$ cat data.cif   # mmCIF, C-alpha atoms
data_data
#
loop_
_atom_site.label_atom_id
_atom_site.label_comp_id
_atom_site.auth_asym_id
_atom_site.auth_seq_id
_atom_site.Cartn_x
_atom_site.Cartn_y
_atom_site.Cartn_z
CA MET S 1 -5.19 -20.19 -17.86
CA LYS S 2 -6.22 -17.19 -19.96
CA GLY S 3 -8.71 -16.01 -17.35
CA ARG S 4 -5.71 -15.10 -15.20
CA ILE S 5 -4.91 -12.05 -17.33
CA VAL S 6 -8.45 -10.71 -16.83
CA ILE S 7 -8.18 -11.18 -13.06
CA SER S 8 -4.75 -9.53 -13.07
CA LEU S 9 -6.02 -6.50 -15.00
CA ILE S 10 -9.01 -6.09 -12.66
CA ILE S 11 -6.68 -6.21 -9.65
CA LEU S 12 -4.43 -3.62 -11.31
CA VAL S 13 -7.37 -1.28 -11.95
CA VAL S 14 -8.45 -1.52 -8.30
CA TYR S 15 -4.87 -0.92 -7.17
CA MET S 16 -4.55 2.16 -9.37
CA ALA S 17 -7.91 3.48 -8.16
CA ILE S 18 -6.72 3.20 -4.56
CA ILE S 19 -3.50 5.11 -5.07
CA LEU S 20 -5.12 7.78 -7.25
CA VAL S 21 -8.22 8.48 -5.16
CA ALA S 22 -6.69 8.23 -1.68
CA PRO S 23 -4.33 11.24 -2.07
CA LYS S 24 -7.27 13.45 -3.09
CA ILE S 25 -9.10 12.41 0.07
CA GLN S 26 -6.05 12.75 2.31
CA LEU S 27 -4.61 15.97 0.89
CA GLY S 28 -7.76 17.65 -0.43
CA SER S 29 -7.78 19.79 -3.54
CA GLY S 30 -4.73 21.47 -4.98
CA ASP S 31 -1.87 20.29 -7.14
CA ARG S 32 1.21 18.95 -5.36
CA SER S 33 4.54 17.85 -6.74
CA LEU S 34 5.53 14.22 -6.23
CA THR S 35 8.37 15.34 -3.97
CA GLU S 36 5.92 17.19 -1.73
CA MET S 37 3.52 14.26 -1.65
CA VAL S 38 6.10 11.70 -0.52
CA SER S 39 8.02 13.95 1.88
CA GLU S 40 5.27 15.55 3.99
CA GLN S 41 3.34 12.57 5.40
CA ILE S 42 2.71 8.85 5.06
CA SER S 43 0.36 8.11 2.18
CA TYR S 44 -2.77 6.31 3.41
CA GLY S 45 -3.43 5.15 -0.13
CA LEU S 46 -0.10 3.35 -0.32
CA VAL S 47 -0.79 1.60 2.98
CA VAL S 48 -4.24 0.50 1.81
CA ALA S 49 -2.75 -0.66 -1.50
CA LEU S 50 -0.15 -2.73 0.35
CA PHE S 51 -2.82 -4.52 2.39
CA PHE S 52 -4.98 -4.98 -0.71
CA LEU S 53 -2.24 -6.59 -2.80
CA SER S 54 -1.03 -8.72 0.11
CA GLY S 55 -4.59 -9.96 0.58
CA VAL S 56 -4.93 -10.74 -3.13
CA VAL S 57 -1.71 -12.77 -3.16
CA ALA S 58 -2.79 -14.69 -0.05
CA PHE S 59 -6.35 -15.29 -1.31
CA PHE S 60 -5.28 -16.69 -4.69
CA GLY S 61 -2.25 -18.52 -3.32
CA TRP S 62 0.07 -16.64 -5.67
CA ARG S 63 3.03 -16.34 -3.32
CA ARG S 64 5.45 -18.28 -5.53
CA ASP S 65 3.74 -17.19 -8.73
CA VAL S 66 4.47 -13.51 -8.06
CA GLY S 67 8.10 -14.23 -7.25
CA LEU S 68 8.11 -14.34 -3.45
CA ASN S 69 10.70 -17.09 -3.68
CA PRO S 70 14.26 -17.70 -2.52
CA LEU S 71 16.99 -16.51 -4.87
CA ARG S 72 17.89 -18.81 -7.74
CA SER S 73 21.50 -18.33 -6.63
CA SER S 74 23.25 -15.86 -4.35
CA LYS S 75 25.59 -15.10 -7.26
CA SER S 76 22.59 -13.81 -9.22
CA LEU S 77 22.72 -10.67 -7.05
CA LEU S 78 25.88 -9.66 -8.89
CA ILE S 79 23.67 -8.38 -11.71
CA LEU S 80 22.65 -5.52 -9.41
CA TRP S 81 26.03 -3.81 -9.78
CA LEU S 82 24.82 -1.16 -12.24
CA PRO S 83 21.69 0.05 -10.40
CA ILE S 84 23.63 -0.02 -7.11
CA LEU S 85 26.33 2.15 -8.67
CA PHE S 86 23.73 4.70 -9.77
CA ILE S 87 21.95 4.61 -6.40
CA LEU S 88 25.20 5.30 -4.56
CA ALA S 89 25.90 8.17 -6.95
CA PHE S 90 22.45 9.64 -6.31
CA PHE S 91 22.94 9.43 -2.55
CA ALA S 92 26.32 11.12 -2.96
CA VAL S 93 24.62 13.96 -4.83
CA GLY S 94 22.03 14.14 -2.05
CA LEU S 95 24.79 14.51 0.52
CA ALA S 96 26.47 17.19 -1.58
CA VAL S 97 23.35 19.34 -1.99
CA GLY S 98 22.23 18.81 1.60
CA LEU S 99 20.03 16.17 3.12
CA PRO S 100 16.47 17.01 4.25
CA THR S 101 15.44 16.71 7.88
CA ILE S 102 15.14 13.35 9.66
CA GLN S 103 11.34 13.65 9.60
CA VAL S 104 11.31 14.24 5.85
CA LEU S 105 13.71 11.33 5.30
CA PHE S 106 11.40 9.11 7.37
CA PHE S 107 8.38 10.03 5.23
CA ILE S 108 10.32 9.59 1.98
CA GLY S 109 11.84 6.30 3.14
CA THR S 110 8.51 4.86 4.25
CA ASN S 111 6.53 5.96 1.21
CA THR S 112 9.15 4.84 -1.30
CA LEU S 113 9.51 1.48 0.49
CA ILE S 114 5.78 0.85 0.14
CA VAL S 115 5.88 2.00 -3.49
CA GLY S 116 8.74 -0.40 -4.20
CA ILE S 117 6.85 -3.32 -2.67
CA THR S 118 3.42 -2.56 -4.12
CA GLU S 119 4.51 -1.63 -7.63
CA GLU S 120 6.63 -4.76 -7.91
CA LEU S 121 3.78 -6.92 -6.59
CA ALA S 122 1.22 -5.28 -8.87
CA PHE S 123 3.27 -5.21 -12.07
CA ARG S 124 6.22 -7.63 -12.02
CA GLY S 125 4.24 -10.03 -9.83
CA ILE S 126 0.51 -10.09 -10.53
CA LEU S 127 0.35 -8.46 -13.98
CA PHE S 128 3.41 -10.27 -15.33
CA GLY S 129 1.97 -13.56 -14.06
CA GLY S 130 -1.24 -12.87 -15.94
CA ALA S 131 0.60 -11.77 -19.08
CA ARG S 132 2.56 -15.02 -19.14
CA SER S 133 -0.74 -16.89 -19.46
CA VAL S 134 -1.50 -15.34 -22.86
CA PHE S 135 1.81 -14.09 -24.29
CA ARG S 136 5.15 -15.61 -25.15
CA PRO S 137 7.95 -14.59 -22.72
CA ILE S 138 9.14 -11.53 -24.66
CA GLY S 139 5.54 -10.45 -25.27
CA ALA S 140 4.73 -10.73 -21.55
CA ILE S 141 7.82 -8.68 -20.69
CA ALA S 142 7.00 -5.97 -23.24
CA PHE S 143 3.32 -5.85 -22.22
CA THR S 144 4.11 -5.54 -18.51
CA SER S 145 6.77 -2.87 -19.03
CA ALA S 146 4.55 -0.83 -21.38
CA ILE S 147 1.62 -0.88 -18.94
CA PHE S 148 3.93 0.05 -16.06
CA GLY S 149 5.21 3.05 -17.97
CA ALA S 150 1.78 4.12 -19.19
CA VAL S 151 0.13 4.18 -15.77
CA HIS S 152 2.73 6.65 -14.52
CA ALA S 153 1.16 9.21 -16.82
CA LEU S 154 -1.81 9.08 -14.45
CA ASN S 155 0.31 10.93 -11.89
CA GLY S 156 -0.94 13.98 -13.74
CA PHE S 157 -4.21 13.57 -11.83
CA GLU S 158 -2.31 14.06 -8.57
CA THR S 159 0.27 16.68 -9.55
CA GLY S 160 -1.59 18.57 -12.25
CA ASP S 161 1.59 18.48 -14.35
CA TRP S 162 0.66 16.27 -17.29
CA PHE S 163 3.79 16.97 -19.29
CA ALA S 164 6.08 15.92 -16.45
CA ALA S 165 3.87 12.87 -15.88
CA GLY S 166 4.32 11.88 -19.52
CA VAL S 167 8.09 12.17 -19.25
CA GLN S 168 7.96 10.13 -16.06
CA ALA S 169 5.94 7.47 -17.88
CA ILE S 170 8.68 7.06 -20.48
CA ALA S 171 11.42 6.87 -17.85
CA ALA S 172 9.37 4.46 -15.71
CA GLY S 173 8.78 2.12 -18.64
CA MET S 174 12.52 2.02 -19.29
CA SER S 175 13.41 1.34 -15.65
CA GLY S 176 10.54 -1.13 -15.36
CA LEU S 177 12.29 -3.31 -17.92
CA LEU S 178 15.27 -3.53 -15.55
CA PHE S 179 13.08 -4.55 -12.61
CA ILE S 180 11.54 -7.36 -14.63
CA ALA S 181 15.00 -8.46 -15.77
CA ILE S 182 16.11 -8.60 -12.12
CA LEU S 183 13.09 -10.76 -11.27
CA ILE S 184 13.79 -13.16 -14.13
CA ARG S 185 17.54 -13.45 -13.57
CA THR S 186 17.39 -13.83 -9.77
CA GLY S 187 14.18 -15.89 -9.62
CA SER S 188 12.83 -13.65 -6.85
CA ILE S 189 10.88 -10.41 -6.80
CA ILE S 190 12.50 -9.27 -3.55
CA PRO S 191 15.75 -7.91 -5.10
CA ALA S 192 13.61 -5.92 -7.56
CA MET S 193 11.57 -4.52 -4.65
CA ILE S 194 14.69 -3.43 -2.77
CA THR S 195 16.34 -1.95 -5.89
CA HIS S 196 13.13 -0.12 -6.78
CA TRP S 197 12.87 1.29 -3.25
CA LEU S 198 16.48 2.49 -3.04
CA TRP S 199 16.29 4.01 -6.53
CA ASP S 200 13.20 6.06 -5.64
CA LEU S 201 14.57 6.92 -2.18
CA SER S 202 17.81 8.28 -3.60
CA ILE S 203 16.03 10.33 -6.29
CA PHE S 204 13.48 11.85 -3.90
CA THR S 205 16.19 12.56 -1.32
CA ILE S 206 17.89 14.79 -3.89
CA GLY S 207 14.57 16.42 -4.77
CA ALA S 208 13.66 17.12 -1.15
CA GLY S 209 17.15 18.37 -0.34
CA THR S 210 17.10 20.92 -3.14
CA HIS S 211 13.38 21.73 -2.70
CA HIS S 212 13.02 20.99 -6.40
CA GLU S 213 9.46 21.09 -7.73
CA MET S 214 8.20 20.21 -11.15
CA ALA S 215 7.52 23.11 -13.46
CA PRO S 216 3.87 23.85 -14.28
CA ALA S 217 2.58 21.99 -17.32
CA ALA S 218 1.97 25.28 -19.13
CA ASP S 219 5.62 26.32 -18.90
CA PRO S 220 8.01 25.54 -21.77
CA PRO S 221 9.71 22.16 -21.19
CA SER S 222 13.08 22.53 -19.54
CA LEU S 223 16.20 20.41 -19.94
CA TRP S 224 15.66 19.00 -16.44
CA ASN S 225 12.08 17.76 -16.85
CA VAL S 226 12.52 16.41 -20.37
CA VAL S 227 16.02 15.10 -21.01
CA ILE S 228 17.44 14.30 -17.57
CA PRO S 229 14.83 11.70 -16.43
CA VAL S 230 15.17 9.79 -19.71
CA LEU S 231 18.97 9.96 -19.67
CA ILE S 232 19.02 8.65 -16.11
CA ALA S 233 16.78 5.72 -17.06
CA MET S 234 18.59 4.93 -20.34
CA PRO S 235 21.41 2.86 -18.76
CA ASN S 236 18.78 0.78 -16.95
CA PHE S 237 16.99 0.15 -20.23
CA ILE S 238 20.13 -0.84 -22.15
CA TYR S 239 21.38 -3.03 -19.29
CA ALA S 240 17.96 -4.71 -19.05
CA LEU S 241 18.06 -5.58 -22.76
CA TRP S 242 21.42 -7.22 -22.19
CA LEU S 243 20.17 -9.15 -19.14
CA LEU S 244 17.13 -10.37 -21.08
CA ARG S 245 19.14 -11.67 -24.03
CA GLY S 246 18.03 -15.19 -24.84
CA VAL S 247 15.11 -15.21 -22.40
CA GLY S 248 12.38 -17.45 -23.75
CA ALA S 249 14.76 -19.19 -26.14
CA LYS S 250 15.03 -22.94 -26.18
CA GLY S 251 17.13 -24.07 -23.24
CA ASN S 252 16.28 -20.99 -21.16
CA GLU S 253 12.69 -21.88 -20.32
CA GLU S 254 13.48 -22.04 -16.61
CA LEU S 255 14.24 -18.31 -16.56
CA ILE S 256 10.64 -17.39 -17.30
CA ALA S 257 8.97 -20.23 -15.39
#

$ encode --input "data.cif" --output "structure tokens"
Amino acid sequence: MKGRIVISLIILVVYMAIILVAPKIQLGSGDRSLTEMVSEQISYGLVVALFFLSGVVAFFGWRRDVGLNPLRSSKSLLILWLPILFILAFFAVGLAVGLPTIQVLFFIGTNTLIVGITEELAFRGILFGGARSVFRPIGAIAFTSAIFGAVHALNGFETGDWFAAGVQAIAAGMSGLLFIAILIRTGSIIPAMITHWLWDLSIFTIGAGTHHEMAPAADPPSLWNVVIPVLIAMPNFIYALWLLRGVGAKGNEELIA
């Protein structure tokens, strides 16, 4: 049903409006780094977004359609070896540089958990479901991943750092391809949610521990805010391409069903 893509895009716009407007109301004026935003308090916007998307899924009866299903096979979880390896390495770095306080870890853990759930529901669940109604499998995958990356550029509205937001958009699009590959290969969106959460949690734990903040957009780009995020996401992107080999081909229709 082609009308599904229109509904999905409307839902995505509302979701993005919630998470972009709410921080301005909660935090007031002033530019904040993403690390500051996730480590200082629970985001009301994320909570509202979670209830909104949960309500949408329940209203339309999309529970199975968005991937809230049992695993296709417990062995399918073996594909998570690469992101788990990176996540463990990030946590090891966090321990080496010094962990933030328990309160900060609680805020980071809660916010990144909600982000992992809501972004997977919004993009790999609702948007991908809509894209499948109008595109072939590879087209739906590419469309969903491109939109996921592009919307991260909107973080510039919250942080004021448009250059860093653009770099984040590229890295997010690359990692987003891995999350969609996990959904397709496991048959469930839940492993993608958990992987997404732990990935963000480990990255922000390092950022909070080192008190790292993004450089102002007017400053010359540094190695950290240009090359490092893309290099970190590159293995995800390459691994995702390998996982998605043959998806949509004859005989593999069940992978995209």

$ resolve_selection --input "data.cif" --expression "the PyMOL selection byres ((chain S and resi 233) around 9)" --output "number ranges by chain"
S: 170-175, 228-232, 234-238

$ atom_distance --input "data.cif" --atom1 "atom CA of S:Arg64" --atom2 "atom CA of S:Leu80"
21.8 Å

$ residues_near_point --input "data.cif" --point "(17.4, 18.3, 5.8)" --cutoff "12 Å" --atoms "all atoms listed in the file" --output "PDB file with C-alpha atoms, keeping the file's coordinate frame"
ATOM      1  CA  SER S  39       8.020  13.950   1.880  1.00  0.00           C
ATOM      2  CA  GLY S  94      22.030  14.140  -2.050  1.00  0.00           C
ATOM      3  CA  LEU S  95      24.790  14.510   0.520  1.00  0.00           C
ATOM      4  CA  ALA S  96      26.470  17.190  -1.580  1.00  0.00           C
ATOM      5  CA  VAL S  97      23.350  19.340  -1.990  1.00  0.00           C
ATOM      6  CA  GLY S  98      22.230  18.810   1.600  1.00  0.00           C
ATOM      7  CA  LEU S  99      20.030  16.170   3.120  1.00  0.00           C
ATOM      8  CA  PRO S 100      16.470  17.010   4.250  1.00  0.00           C
ATOM      9  CA  THR S 101      15.440  16.710   7.880  1.00  0.00           C
ATOM     10  CA  ILE S 102      15.140  13.350   9.660  1.00  0.00           C
ATOM     11  CA  GLN S 103      11.340  13.650   9.600  1.00  0.00           C
ATOM     12  CA  VAL S 104      11.310  14.240   5.850  1.00  0.00           C
ATOM     13  CA  LEU S 105      13.710  11.330   5.300  1.00  0.00           C
ATOM     14  CA  PHE S 106      11.400   9.110   7.370  1.00  0.00           C
ATOM     15  CA  ILE S 108      10.320   9.590   1.980  1.00  0.00           C
ATOM     16  CA  THR S 205      16.190  12.560  -1.320  1.00  0.00           C
ATOM     17  CA  ILE S 206      17.890  14.790  -3.890  1.00  0.00           C
ATOM     18  CA  GLY S 207      14.570  16.420  -4.770  1.00  0.00           C
ATOM     19  CA  ALA S 208      13.660  17.120  -1.150  1.00  0.00           C
ATOM     20  CA  GLY S 209      17.150  18.370  -0.340  1.00  0.00           C
ATOM     21  CA  THR S 210      17.100  20.920  -3.140  1.00  0.00           C
ATOM     22  CA  HIS S 211      13.380  21.730  -2.700  1.00  0.00           C
TER      23      HIS S 211
END

$ closest_residue --input "data.cif" --among "S:Leu77, S:Leu88, S:Leu113, S:Ala150" --to "S:Trp197" --atoms "all atoms listed in the file"
S:Leu113

$ residues_around --input "data.cif" --residues "S:Ser73" --least-positions-apart "2" --cutoff "10 Å" --atoms "all atoms listed in the file" --output "list in words"
Pro70, Leu71, Lys75, Ser76, Leu77, Leu78, Arg185, Thr186, Gly187 and Ser188 of chain S

$ resolve_selection --input "data.cif" --expression "the PyMOL selection byres ((chain S and resi 85-87) around 9)" --output "count of residues only"
18

$ atom_distance --input "data.cif" --atom1 "atom CA of S:Thr118" --atom2 "atom CA of S:Ser54"
8.7 Å

$ closest_residue --input "data.cif" --among "S:Arg124, S:Arg63, S:Arg4, S:Arg245" --to "S:Ala192" --atoms "only C-alpha atoms"
S:Arg124

$ closest_residue --input "data.cif" --among "S:Ala49, S:Ile194, S:Ile189, S:Ala181" --to "S:Val21" --atoms "all atoms listed in the file"
S:Ala49

$ atom_distance --input "data.cif" --atom1 "atom CA of S:Ala131" --atom2 "atom CA of S:Phe59"
19.4 Å
